[in-house]
$ cat coords-v1.cif   # mmCIF, C-alpha atoms
data_protein
#
loop_
_atom_site.label_atom_id
_atom_site.label_comp_id
_atom_site.auth_asym_id
_atom_site.auth_seq_id
_atom_site.Cartn_x
_atom_site.Cartn_y
_atom_site.Cartn_z
CA MET A 45 15.42 31.93 -12.53
CA LYS A 46 12.53 31.37 -10.11
CA LEU A 47 10.23 28.58 -11.27
CA ASN A 48 6.51 28.31 -10.65
CA PRO A 49 5.73 25.33 -8.35
CA PHE A 50 3.86 23.60 -11.19
CA PHE A 51 7.02 23.59 -13.29
CA LYS A 52 9.23 22.70 -10.35
CA ALA A 53 7.16 19.58 -9.90
CA LEU A 54 7.15 18.91 -13.63
CA LEU A 55 10.94 19.05 -13.77
CA GLY A 56 11.60 17.28 -10.52
CA CYS A 57 8.97 14.53 -10.42
CA LEU A 58 10.59 11.09 -10.20
CA LEU A 59 8.09 8.39 -11.08
CA PHE A 60 10.38 5.38 -10.71
CA PRO A 61 11.60 5.93 -7.13
CA THR A 62 14.68 3.84 -6.58
CA LEU A 63 16.64 3.19 -3.43
CA LEU A 64 20.22 2.22 -4.28
CA ILE A 65 22.62 0.70 -1.79
CA GLY A 66 25.17 -1.47 -3.55
CA ALA A 67 22.67 -1.72 -6.39
CA GLU A 68 25.35 -2.19 -9.04
CA GLU A 69 25.90 -5.61 -7.51
CA ILE A 70 22.37 -6.72 -8.42
CA LYS A 71 20.74 -5.18 -11.50
CA MET A 72 16.95 -5.22 -11.50
CA GLY A 73 14.08 -4.10 -13.73
CA ILE A 74 10.28 -4.45 -13.70
CA ASP A 75 8.31 -5.45 -16.81
CA THR A 76 4.68 -6.19 -17.64
CA GLY A 77 5.17 -9.44 -19.48
CA SER A 78 2.99 -10.02 -22.53
CA PHE A 79 1.03 -6.81 -21.91
CA ALA A 80 3.68 -4.46 -23.23
CA ASP A 81 1.71 -1.27 -22.64
CA GLY A 82 1.17 -2.04 -18.95
CA ILE A 83 -2.61 -2.19 -19.34
CA PHE A 84 -4.28 -5.41 -18.25
CA PRO A 85 -7.72 -6.18 -19.77
CA GLN A 86 -10.74 -6.82 -17.60
CA GLY A 87 -10.71 -10.39 -16.28
CA GLN A 88 -6.96 -10.77 -16.80
CA LYS A 89 -4.61 -11.17 -13.85
CA ALA A 90 -1.99 -8.48 -13.49
CA GLU A 91 1.39 -10.13 -13.92
CA LEU A 92 4.58 -8.20 -13.26
CA GLY A 93 8.01 -9.55 -13.98
CA LEU A 94 11.25 -8.69 -12.23
CA SER A 95 14.53 -9.38 -13.94
CA LEU A 96 17.55 -9.84 -11.69
CA GLU A 97 21.20 -10.03 -12.69
CA ASN A 98 23.92 -10.92 -10.19
CA ARG A 99 26.95 -8.92 -11.23
CA MET A 100 29.05 -10.13 -8.35
CA LYS A 101 31.59 -12.95 -8.45
CA VAL A 102 29.89 -14.72 -5.56
CA ASP A 103 26.43 -16.19 -5.07
CA ALA A 104 23.82 -13.96 -3.48
CA LYS A 105 20.71 -14.75 -1.46
CA VAL A 106 18.11 -12.15 -2.44
CA LYS A 107 14.89 -11.37 -0.59
CA ILE A 108 12.19 -9.84 -2.83
CA ASP A 109 9.36 -7.86 -1.22
CA TRP A 110 6.44 -6.97 -3.50
CA GLN A 111 3.98 -4.22 -2.58
CA LEU A 112 0.75 -3.41 -4.45
CA GLU A 113 -0.98 -0.06 -3.84
CA THR A 114 -3.74 1.94 -5.47
CA ASP A 115 -2.79 5.12 -7.31
CA GLU A 116 -3.86 6.92 -4.14
CA LYS A 117 -1.17 4.93 -2.29
CA GLN A 118 -3.59 2.73 -0.35
CA PRO A 119 -1.97 -0.69 0.39
CA MET A 120 -3.65 -3.66 -1.29
CA ALA A 121 -1.34 -6.66 -1.17
CA ALA A 122 2.15 -7.78 -0.24
CA HIS A 123 4.23 -10.81 -1.10
CA ALA A 124 7.73 -11.95 -0.19
CA GLN A 125 9.98 -14.51 -1.81
CA GLU A 126 13.63 -15.50 -1.76
CA LYS A 127 15.99 -16.48 -4.54
CA VAL A 128 19.61 -17.56 -4.68
CA LEU A 129 21.44 -16.01 -7.62
CA ARG A 130 24.65 -17.66 -8.60
CA ALA A 131 27.56 -15.47 -9.62
CA GLY A 132 26.78 -13.85 -13.00
CA GLU A 133 23.32 -15.44 -13.18
CA GLU A 134 20.26 -13.70 -14.66
CA ILE A 135 16.72 -14.75 -13.68
CA ARG A 136 13.16 -13.45 -13.93
CA VAL A 137 10.59 -13.78 -11.16
CA THR A 138 6.92 -12.85 -11.34
CA PHE A 139 4.24 -11.32 -9.16
CA GLU A 140 0.57 -12.01 -9.94
CA ARG A 141 -2.60 -10.48 -8.56
CA LYS A 142 -6.23 -10.57 -9.61
CA LEU A 143 -7.64 -7.05 -9.61
CA SER A 144 -11.35 -6.48 -9.16
CA GLU A 145 -11.70 -2.72 -9.71
CA PRO A 146 -10.78 -0.82 -12.88
CA GLY A 147 -8.05 1.69 -12.23
CA PHE A 148 -4.34 2.26 -11.86
CA TYR A 149 -2.01 0.62 -9.38
CA TRP A 150 1.58 0.99 -8.18
CA VAL A 151 3.72 -2.12 -7.92
CA THR A 152 6.98 -1.83 -5.99
CA ALA A 153 9.68 -4.50 -5.80
CA THR A 154 12.35 -4.17 -3.13
CA CYS A 155 15.34 -6.48 -3.26
CA SER A 156 17.75 -6.89 -0.39
CA TRP A 157 20.86 -9.01 -0.01
CA GLU A 158 23.77 -9.13 2.40
CA ASP A 159 25.42 -5.83 1.45
CA GLY A 160 22.83 -4.03 -0.62
CA LYS A 161 19.30 -3.02 -1.35
CA ALA A 162 17.41 -1.73 -4.40
CA SER A 163 13.81 -0.74 -5.02
CA SER A 164 11.87 0.06 -8.16
CA SER A 165 8.23 1.00 -8.82
CA MET A 166 5.95 0.95 -11.82
CA GLN A 167 2.37 2.02 -12.37
CA VAL A 168 0.07 -0.32 -14.30
CA GLY A 169 -3.54 -0.11 -15.41
CA TYR A 170 -6.47 -2.48 -15.18
CA ALA A 171 -9.47 -2.10 -17.51
CA PRO A 172 -9.14 1.72 -17.62
CA GLN A 173 -11.94 2.04 -20.20
CA GLN A 174 -14.33 0.98 -17.41
CA LEU A 175 -13.30 3.78 -15.04
CA ARG A 176 -16.21 6.04 -14.16
CA SER A 177 -15.45 8.63 -11.51
CA PRO A 178 -18.74 10.15 -10.29
CA LEU A 179 -19.51 13.34 -12.17
CA THR A 180 -19.27 16.45 -10.00
CA ALA A 181 -21.25 18.75 -12.30
CA GLN A 182 -23.35 21.42 -10.61
CA PRO A 183 -27.02 21.75 -11.68
CA ASP A 184 -26.31 25.00 -13.54
CA LEU A 185 -23.27 23.70 -15.48
CA ARG A 186 -24.95 23.93 -18.88
CA ALA A 187 -26.49 27.31 -18.06
CA PHE A 188 -23.10 28.66 -17.02
CA TRP A 189 -21.48 27.68 -20.30
CA ASP A 190 -24.44 28.81 -22.39
CA HIS A 191 -24.12 32.19 -20.69
CA SER A 192 -20.35 32.26 -21.30
CA LEU A 193 -20.85 31.49 -24.99
CA ALA A 194 -23.51 34.19 -25.23
CA GLU A 195 -21.13 36.72 -23.66
CA LEU A 196 -18.40 35.70 -26.09
CA ALA A 197 -20.78 36.21 -29.00
CA LYS A 198 -21.27 39.84 -27.89
CA VAL A 199 -17.56 40.54 -28.35
CA GLU A 200 -16.74 41.68 -31.88
CA PRO A 201 -13.75 39.51 -32.91
CA ARG A 202 -12.07 42.21 -35.05
CA TYR A 203 -9.83 39.69 -36.79
CA LYS A 204 -6.47 40.95 -37.97
CA VAL A 205 -4.47 38.70 -40.29
CA VAL A 206 -0.88 39.82 -40.91
CA PRO A 207 1.26 37.96 -43.51
CA GLN A 208 4.75 36.98 -42.38
CA PRO A 209 7.80 36.92 -44.66
CA THR A 210 8.20 33.60 -46.50
CA LYS A 211 10.36 32.29 -49.31
CA ALA A 212 8.90 31.91 -52.78
CA ASP A 213 9.31 28.13 -52.67
CA ASP A 214 7.77 27.69 -49.20
CA PRO A 215 4.72 25.40 -49.46
CA VAL A 216 2.75 27.46 -46.93
CA GLN A 217 2.06 31.10 -46.18
CA VAL A 218 2.37 32.06 -42.52
CA TYR A 219 0.18 34.72 -40.89
CA GLU A 220 0.02 36.14 -37.40
CA VAL A 221 -3.63 36.36 -36.43
CA GLU A 222 -5.15 38.62 -33.76
CA MET A 223 -8.71 38.57 -32.42
CA PHE A 224 -10.70 39.68 -29.38
CA SER A 225 -12.20 37.16 -26.98
CA LEU A 226 -14.27 37.11 -23.77
CA GLY A 227 -13.73 40.24 -21.72
CA GLU A 228 -12.30 42.12 -24.72
CA VAL A 229 -9.02 40.22 -24.31
CA ARG A 230 -6.72 40.11 -27.34
CA VAL A 231 -5.45 36.67 -28.28
CA ARG A 232 -3.21 35.62 -31.13
CA GLY A 233 -1.84 32.66 -33.02
CA TRP A 234 0.12 31.54 -36.05
CA TYR A 235 -1.85 30.51 -39.10
CA GLU A 236 -0.09 28.36 -41.72
CA VAL A 237 -1.98 27.94 -44.97
CA PRO A 238 -0.99 25.82 -47.99
CA LYS A 239 -0.41 28.00 -51.03
CA LYS A 240 -2.43 25.74 -53.28
CA PRO A 241 -6.20 26.40 -53.53
CA GLY A 242 -8.47 25.15 -50.74
CA PRO A 243 -10.63 24.56 -48.91
CA HIS A 244 -8.30 22.69 -46.54
CA PRO A 245 -8.85 20.77 -43.30
CA VAL A 246 -7.37 22.33 -40.17
CA LEU A 247 -5.39 21.24 -37.14
CA LEU A 248 -5.91 23.73 -34.31
CA ARG A 249 -3.01 23.41 -31.85
CA VAL A 250 -3.63 24.68 -28.31
CA PRO A 251 -0.96 25.28 -25.63
CA GLY A 252 0.27 23.40 -22.63
CA TYR A 253 0.61 25.22 -19.31
CA GLY A 254 2.68 28.33 -20.05
CA GLN A 255 3.64 27.06 -23.50
CA ASN A 256 4.38 29.44 -26.36
CA MET A 257 2.76 28.05 -29.51
CA ARG A 258 4.76 28.94 -32.62
CA PRO A 259 4.53 28.09 -36.32
CA VAL A 260 5.38 24.42 -36.85
CA GLY A 261 7.00 25.06 -40.24
CA ARG A 262 9.89 26.87 -38.56
CA PHE A 263 11.07 23.85 -36.59
CA LYS A 264 12.68 20.88 -38.30
CA ASN A 265 11.90 18.39 -35.53
CA THR A 266 8.21 19.35 -35.68
CA ARG A 267 8.08 19.07 -39.46
CA ALA A 268 9.28 15.48 -39.17
CA VAL A 269 6.11 14.72 -37.22
CA MET A 270 3.83 17.15 -39.04
CA PRO A 271 5.15 17.32 -42.63
CA LEU A 272 3.54 20.43 -44.07
CA ASP A 273 5.16 19.81 -47.45
CA ARG A 274 2.08 17.72 -48.22
CA GLN A 275 0.41 21.10 -48.72
CA ASP A 276 -3.02 19.81 -47.83
CA MET A 277 -3.65 20.95 -44.24
CA ILE A 278 -3.88 24.26 -42.45
CA VAL A 279 -2.22 24.42 -39.02
CA PHE A 280 -3.34 27.10 -36.57
CA SER A 281 -0.97 27.28 -33.58
CA PHE A 282 -3.06 29.29 -31.15
CA ASN A 283 -2.13 30.94 -27.85
CA VAL A 284 -4.89 31.42 -25.29
CA ARG A 285 -4.65 34.46 -22.99
CA GLY A 286 -1.46 34.69 -20.96
CA HIS A 287 0.46 32.42 -23.36
CA GLY A 288 2.94 33.10 -26.15
CA ASN A 289 1.99 36.13 -28.22
CA SER A 290 -1.30 36.57 -26.29
CA GLN A 291 0.06 38.40 -23.25
CA GLU A 292 -0.79 42.01 -24.05
CA ASP A 293 -3.98 42.05 -21.96
CA VAL A 294 -3.39 39.03 -19.71
CA LYS A 295 0.18 38.59 -18.53
CA GLY A 296 1.92 35.25 -18.49
CA LYS A 297 3.80 35.96 -15.25
CA PRO A 298 3.44 34.70 -12.66
CA GLY A 299 2.53 31.38 -14.24
CA ASN A 300 -0.25 30.67 -11.74
CA TYR A 301 -3.10 30.30 -14.23
CA TRP A 302 -5.04 27.66 -12.33
CA ILE A 303 -5.53 29.82 -9.23
CA ARG A 304 -6.26 33.11 -11.04
CA GLY A 305 -9.79 34.11 -10.08
CA LEU A 306 -10.52 30.73 -8.55
CA ASP A 307 -12.73 32.24 -5.84
CA ASP A 308 -15.58 32.47 -8.37
CA LYS A 309 -16.46 30.64 -11.57
CA GLU A 310 -17.26 33.99 -13.20
CA GLY A 311 -13.95 35.48 -14.19
CA TYR A 312 -11.87 32.38 -13.44
CA PHE A 313 -8.90 32.07 -15.79
CA TYR A 314 -10.20 28.94 -17.51
CA GLN A 315 -13.56 30.49 -18.30
CA GLY A 316 -11.73 32.95 -20.51
CA ALA A 317 -9.23 30.40 -21.81
CA TYR A 318 -11.96 27.95 -22.88
CA MET A 319 -13.77 30.79 -24.63
CA ASP A 320 -10.51 31.75 -26.37
CA CYS A 321 -10.47 28.28 -27.92
CA VAL A 322 -14.05 28.73 -29.14
CA ARG A 323 -13.11 32.12 -30.57
CA ALA A 324 -10.26 30.41 -32.47
CA VAL A 325 -12.86 28.12 -34.06
CA ASP A 326 -14.94 31.23 -34.87
CA PHE A 327 -11.92 32.58 -36.75
CA LEU A 328 -11.51 29.35 -38.71
CA PHE A 329 -15.18 29.43 -39.69
CA SER A 330 -14.70 32.96 -41.01
CA ARG A 331 -12.09 31.84 -43.55
CA LYS A 332 -12.98 30.73 -47.07
CA GLU A 333 -9.85 28.53 -47.33
CA VAL A 334 -11.04 26.39 -44.38
CA ASP A 335 -13.03 23.19 -44.83
CA ARG A 336 -15.55 23.72 -42.03
CA LYS A 337 -16.40 20.02 -41.80
CA ARG A 338 -12.80 19.05 -41.04
CA ILE A 339 -11.45 20.88 -37.97
CA ALA A 340 -9.33 18.99 -35.43
CA VAL A 341 -8.12 20.37 -32.11
CA GLY A 342 -5.12 18.91 -30.31
CA GLY A 343 -2.60 19.63 -27.59
CA SER A 344 -0.61 18.23 -24.68
CA SER A 345 -1.21 18.54 -20.94
CA GLN A 346 -3.21 21.77 -20.52
CA GLY A 347 -3.56 21.65 -24.30
CA GLY A 348 -5.10 18.20 -23.93
CA GLY A 349 -7.60 19.68 -21.50
CA PHE A 350 -8.30 22.51 -23.96
CA SER A 351 -8.87 19.90 -26.66
CA PHE A 352 -11.53 18.13 -24.60
CA ALA A 353 -13.12 21.44 -23.56
CA SER A 354 -13.21 22.74 -27.14
CA ALA A 355 -14.85 19.58 -28.46
CA ALA A 356 -17.42 19.71 -25.65
CA LEU A 357 -18.30 23.40 -25.91
CA ASP A 358 -18.15 23.73 -29.69
CA GLN A 359 -19.82 21.07 -31.83
CA ARG A 360 -18.07 22.49 -34.89
CA VAL A 361 -14.93 20.61 -33.82
CA SER A 362 -14.61 17.46 -35.96
CA LEU A 363 -11.81 15.61 -34.15
CA CYS A 364 -10.33 15.79 -30.64
CA VAL A 365 -6.66 14.82 -30.25
CA PRO A 366 -5.50 15.24 -26.61
CA ASP A 367 -2.49 13.72 -24.92
CA VAL A 368 -1.60 13.54 -21.20
CA PRO A 369 -4.60 15.86 -20.60
CA PHE A 370 -4.75 18.23 -17.63
CA LEU A 371 -7.94 19.82 -16.21
CA ALA A 372 -9.82 16.61 -15.45
CA ASP A 373 -11.38 14.80 -12.47
CA TRP A 374 -10.16 17.29 -9.89
CA GLU A 375 -11.18 15.26 -6.85
CA LYS A 376 -9.14 12.29 -8.07
CA TYR A 377 -6.38 14.62 -9.23
CA PHE A 378 -5.67 16.02 -5.79
CA LYS A 379 -5.69 12.52 -4.28
CA THR A 380 -3.03 11.27 -6.68
CA THR A 381 -0.79 14.35 -6.91
CA ASN A 382 0.57 16.93 -4.51
CA TRP A 383 0.56 20.65 -5.32
CA PRO A 384 1.71 22.88 -2.42
CA GLU A 385 0.72 25.90 -4.52
CA MET A 386 -2.95 24.94 -4.27
CA ASN A 387 -2.68 24.17 -0.55
CA LYS A 388 -1.08 27.58 0.02
CA TRP A 389 -3.76 29.37 -2.02
CA ILE A 390 -6.58 27.80 -0.01
CA ALA A 391 -4.87 28.55 3.29
CA ALA A 392 -4.38 32.23 2.35
CA LYS A 393 -8.03 33.14 3.05
CA GLU A 394 -10.31 31.92 5.82
CA SER A 395 -13.25 31.83 3.37
CA ARG A 396 -11.53 29.28 1.16
CA THR A 397 -12.01 25.56 1.70
CA TRP A 398 -11.28 22.48 -0.36
CA LYS A 399 -15.04 22.00 -0.74
CA SER A 400 -15.63 25.48 -2.18
CA THR A 401 -12.54 25.25 -4.37
CA LEU A 402 -13.55 21.90 -5.85
CA ARG A 403 -17.04 23.25 -6.44
CA THR A 404 -15.65 26.10 -8.55
CA LEU A 405 -13.26 23.77 -10.36
CA SER A 406 -16.15 21.43 -11.21
CA TYR A 407 -17.40 23.92 -13.82
CA PHE A 408 -14.09 23.58 -15.68
CA ASP A 409 -13.56 19.87 -15.13
CA THR A 410 -13.41 18.33 -18.59
CA MET A 411 -14.84 15.12 -17.12
CA ASN A 412 -18.11 17.00 -16.49
CA LEU A 413 -18.03 18.51 -19.99
CA ALA A 414 -17.10 15.28 -21.77
CA PRO A 415 -20.65 13.89 -22.14
CA TRP A 416 -21.18 16.72 -24.65
CA ILE A 417 -18.36 15.43 -26.90
CA LYS A 418 -19.70 13.63 -29.97
CA CYS A 419 -16.69 13.72 -32.32
CA PRO A 420 -13.98 11.02 -32.53
CA VAL A 421 -11.22 11.19 -29.89
CA PHE A 422 -7.63 9.91 -30.08
CA MET A 423 -5.73 10.16 -26.77
CA GLY A 424 -2.13 9.53 -25.71
CA VAL A 425 -1.31 8.52 -22.13
CA GLY A 426 1.97 8.38 -20.19
CA LEU A 427 1.54 5.48 -17.78
CA GLN A 428 4.09 6.82 -15.28
CA ASP A 429 2.74 10.39 -15.37
CA GLY A 430 2.71 12.05 -11.95
CA ILE A 431 1.73 15.48 -13.30
CA CYS A 432 -1.53 14.41 -14.97
CA PRO A 433 -2.05 10.86 -13.70
CA PRO A 434 -3.55 8.38 -16.18
CA ALA A 435 -6.71 7.87 -14.13
CA THR A 436 -7.54 11.53 -14.67
CA ASN A 437 -6.78 11.20 -18.41
CA PHE A 438 -9.40 8.49 -18.74
CA ALA A 439 -12.04 10.44 -16.80
CA PRO A 440 -13.13 12.67 -19.71
CA PHE A 441 -12.18 10.08 -22.31
CA ASN A 442 -14.59 7.50 -20.89
CA TYR A 443 -17.50 9.96 -20.72
CA ALA A 444 -17.06 11.24 -24.29
CA LYS A 445 -19.88 9.97 -26.52
CA GLY A 446 -18.09 9.68 -29.88
CA PRO A 447 -15.79 6.94 -31.26
CA LYS A 448 -12.64 6.70 -29.13
CA GLU A 449 -9.10 5.34 -29.37
CA TYR A 450 -6.12 5.64 -27.06
CA ARG A 451 -2.47 4.63 -26.84
CA VAL A 452 -0.63 4.06 -23.57
CA TYR A 453 3.15 4.42 -23.33
CA PRO A 454 4.30 2.29 -20.38
CA LYS A 455 7.55 4.11 -19.57
CA ALA A 456 6.38 7.61 -20.44
CA LYS A 457 5.94 10.25 -17.77
CA HIS A 458 4.39 13.64 -18.58
CA GLY A 459 4.79 13.43 -22.35
CA VAL A 460 4.31 10.81 -25.04
CA GLY A 461 7.04 11.75 -27.52
CA ALA A 462 7.48 12.09 -31.26
CA VAL A 463 6.29 8.57 -32.06
CA HIS A 464 2.86 9.33 -30.66
CA TYR A 465 2.71 12.81 -32.20
CA LYS A 466 3.25 11.31 -35.64
CA LEU A 467 0.71 8.58 -34.90
CA ALA A 468 -1.86 11.19 -33.86
CA PHE A 469 -1.13 13.35 -36.90
CA ASP A 470 -1.49 10.36 -39.22
CA TRP A 471 -4.76 9.40 -37.45
CA THR A 472 -6.05 12.93 -38.03
CA ARG A 473 -5.11 12.80 -41.72
CA ARG A 474 -6.75 9.40 -42.10
CA LYS A 475 -9.97 10.64 -40.49
CA PHE A 476 -9.91 13.63 -42.84
CA GLY A 477 -9.57 11.28 -45.82
CA LEU A 478 -6.31 12.83 -46.99
CA GLU A 479 -4.13 11.07 -49.54
CA ASN A 480 -1.02 9.12 -48.49
CA SER A 481 -2.38 8.61 -45.00
CA PRO A 482 -1.12 5.39 -43.40
#
$ encode --input "coords-v1.cif" --output "structure tokens"
Amino acid sequence: MKLNPFFKALLGCLLFPTLLIGAEEIKMGIDTGSFADGIFPQGQKAELGLSLENRMKVDAKVKIDWQLETDEKQPMAAHAQEKVLRAGEEIRVTFERKLSEPGFYWVTATCSWEDGKASSSMQVGYAPQQLRSPLTAQPDLRAFWDHSLAELAKVEPRYKVVPQPTKADDPVQVYEVEMFSLGEVRVRGWYEVPKKPGPHPVLLRVPGYGQNMRPVGRFKNTRAVMPLDRQDMIVFSFNVRGHGNSQEDVKGKPGNYWIRGLDDKEGYFYQGAYMDCVRAVDFLFSRKEVDRKRIAVGGSSQGGGFSFASAALDQRVSLCVPDVPFLADWEKYFKTTNWPEMNKWIAAKESRTWKSTLRTLSYFDTMNLAPWIKCPVFMGVGLQDGICPPATNFAPFNYAKGPKEYRVYPKAKHGVGAVHYKLAFDWTRRKFGLENSP
């Protein structure tokens, strides 16, 4: 199977690069001391610990080289020290640096001894709530989105709600929903409604890059995080164009969404995809079983970007629940990641430049849209994420105007796991004032 470069990178990205030559002789591991999440508050020195275990039967003289770089791989500091580890001994050494600028930094420790060498890296954060990348919004940003919303409003949604087979004792009724969005594109999703009388609050789930959103009630591992047997929330698992069951008018292959139509903001893939999310909220507002004052939108990666975009473009959204969000701070993004697909796309036409490409992308940069967000936000971050680096996660988060919370997972890459999903679901329930919320 031929994979899209985005997914090749997603599968193959190694965020803890390790050089191993005789490394079993000396075991090593980096930690962040008392700051377990790897985030150091403003005014606090960054302190990294390195545990070393000599597994040999002889003493070893170990040289430790520390390197500190920005998340754009610009060198900042270096430090060397030596230790003698007796046979079987375990020790911990530390590396301290005072950081002046909010942001994210890579710390690499390289250990060498007579017959071996090992290296390990970890990304840490310093005062990320203070990060403020300069906004790149064009003067007509608001006008562009007002026009897009007006064009969407001209499209008759023609909602079709088709019941799916369920058992008599199932707590929810599942429907497949179809509607028309910007450009007369058909989009669909799975609508799970408690069988007891409403109105009910709603969680609108939006897809990651190429993800097929399906009903949560059909998957046991999802139900453990999102227990629908409480029968008090609607879940709408929605597929934007080109995803899941929304591929009739816009195909999902090739999975090159982010370069489709990128020559012009009008007709760019994400113009339609953002409007699909607004159309999904239109559908929810058309339903009598929906509590219109309690609508949350959440998703991972691209879905995290959709969550920010939806909350910015549609003030009917009550809560925004993104994790490891994509589609943010493009200028920073391309300095901290490497996507040959984008390089190849720009090189394919003489008229394309990085400047013109970034200008088009600025209209869809959730950092530029975030000042319009007024609802509460709860965000999950993978500190070692090389797909959607944490600095770009905080770009829209820090510009959002409503109450904000976040959780950082220090060892997580591009995904925050079931623990965070349950935490976010419980946060949503608590904000909605539902019973039995932690």
$ resolve_selection --input "coords-v1.cif" --expression "the PyMOL selection byres ((chain A and resi 188) around 12)" --output "ChimeraX atom specification"
/A:181-187,189-195,309-311,315,357,404,406-408,413
$ closest_residue --input "coords-v1.cif" --among "A:Ile108, A:Val341, A:Leu92, A:Ala372" --to "A:Tyr149" --atoms "all atoms listed in the file"
A:Leu92
$ resolve_selection --input "coords-v1.cif" --expression "the PyMOL selection byres ((chain A and resi 437) around 10)" --output "list in words"
Pro172, Ser345, Gly348, Gly349, Pro366, Asp367, Val368, Pro369, Phe370, Leu371, Ala372, Asp373, Tyr377, Thr410, Met411, Met423, Gly424, Val425, Gly426, Cys432, Pro433, Pro434, Ala435, Thr436, Phe438, Ala439, Pro440, Phe441 and Asn442 of chain A
$ residues_around --input "coords-v1.cif" --residues "stretch 93-105 of chain A" --least-positions-apart "6" --cutoff "8 Å" --atoms "only C-alpha atoms" --output "ChimeraX atom specification"
/A:68-77,126-139,153,157-158
$ residues_around --input "coords-v1.cif" --residues "stretch 453-469 of chain A" --least-positions-apart "2" --cutoff "8 Å" --atoms "all atoms listed in the file" --output "list in words"
Leu54, Leu59, Ala80, Asp81, Gly82, Val168, Val269, Met270, Ser344, Ser345, Val365, Asp367, Val368, Phe422, Gly424, Val425, Gly426, Leu427, Gln428, Asp429, Gly430, Ile431, Cys432, Arg451, Trp471, Thr472 and Arg473 of chain A
$ resolve_selection --input "coords-v1.cif" --expression "the PyMOL selection byres ((chain A and resi 321) around 9)" --output "PyMOL selection string"
chain A and resi 250+282-284+316-320+322-326+350-351+353-354
$ atom_distance --input "coords-v1.cif" --atom1 "atom CA of A:Val279" --atom2 "atom CA of A:Gln359"
19.3 Å
$ residues_around --input "coords-v1.cif" --residues "A:Lys332" --least-positions-apart "6" --cutoff "10 Å" --atoms "all atoms listed in the file" --output "ChimeraX atom specification"
/A:242-244
$ closest_residue --input "coords-v1.cif" --among "A:Tyr170, A:Arg176, A:Gln275, A:Gly347" --to "A:Asn256" --atoms "all atoms listed in the file"
A:Gly347
$ atom_distance --input "coords-v1.cif" --atom1 "atom CA of A:Pro415" --atom2 "atom CA of A:Ser144"
25.9 Å
$ atom_distance --input "coords-v1.cif" --atom1 "atom CA of A:Phe476" --atom2 "atom CA of A:Leu247"
10.5 Å
$ axis_aligned_box --input "coords-v1.cif" --around "stretch 95-105 of chain A" --padding-each-side "6 Å" --output "JSON"
{"center_x": 23.1, "center_y": -12.6, "center_z": -7.7, "size_x": 29.1, "size_y": 19.3, "size_z": 24.5}
$ residues_around --input "coords-v1.cif" --residues "stretch 217-226 of chain A" --least-positions-apart "3" --cutoff "7 Å" --atoms "all atoms listed in the file" --output "NGL selection string"
:A and (195-196 or 199-208 or 210 or 229-239 or 316 or 319-320 or 323)
$ closest_residue --input "coords-v1.cif" --among "A:Val294, A:Val151, A:Met257, A:Ile278" --to "A:Val216" --atoms "all atoms listed in the file"
A:Ile278
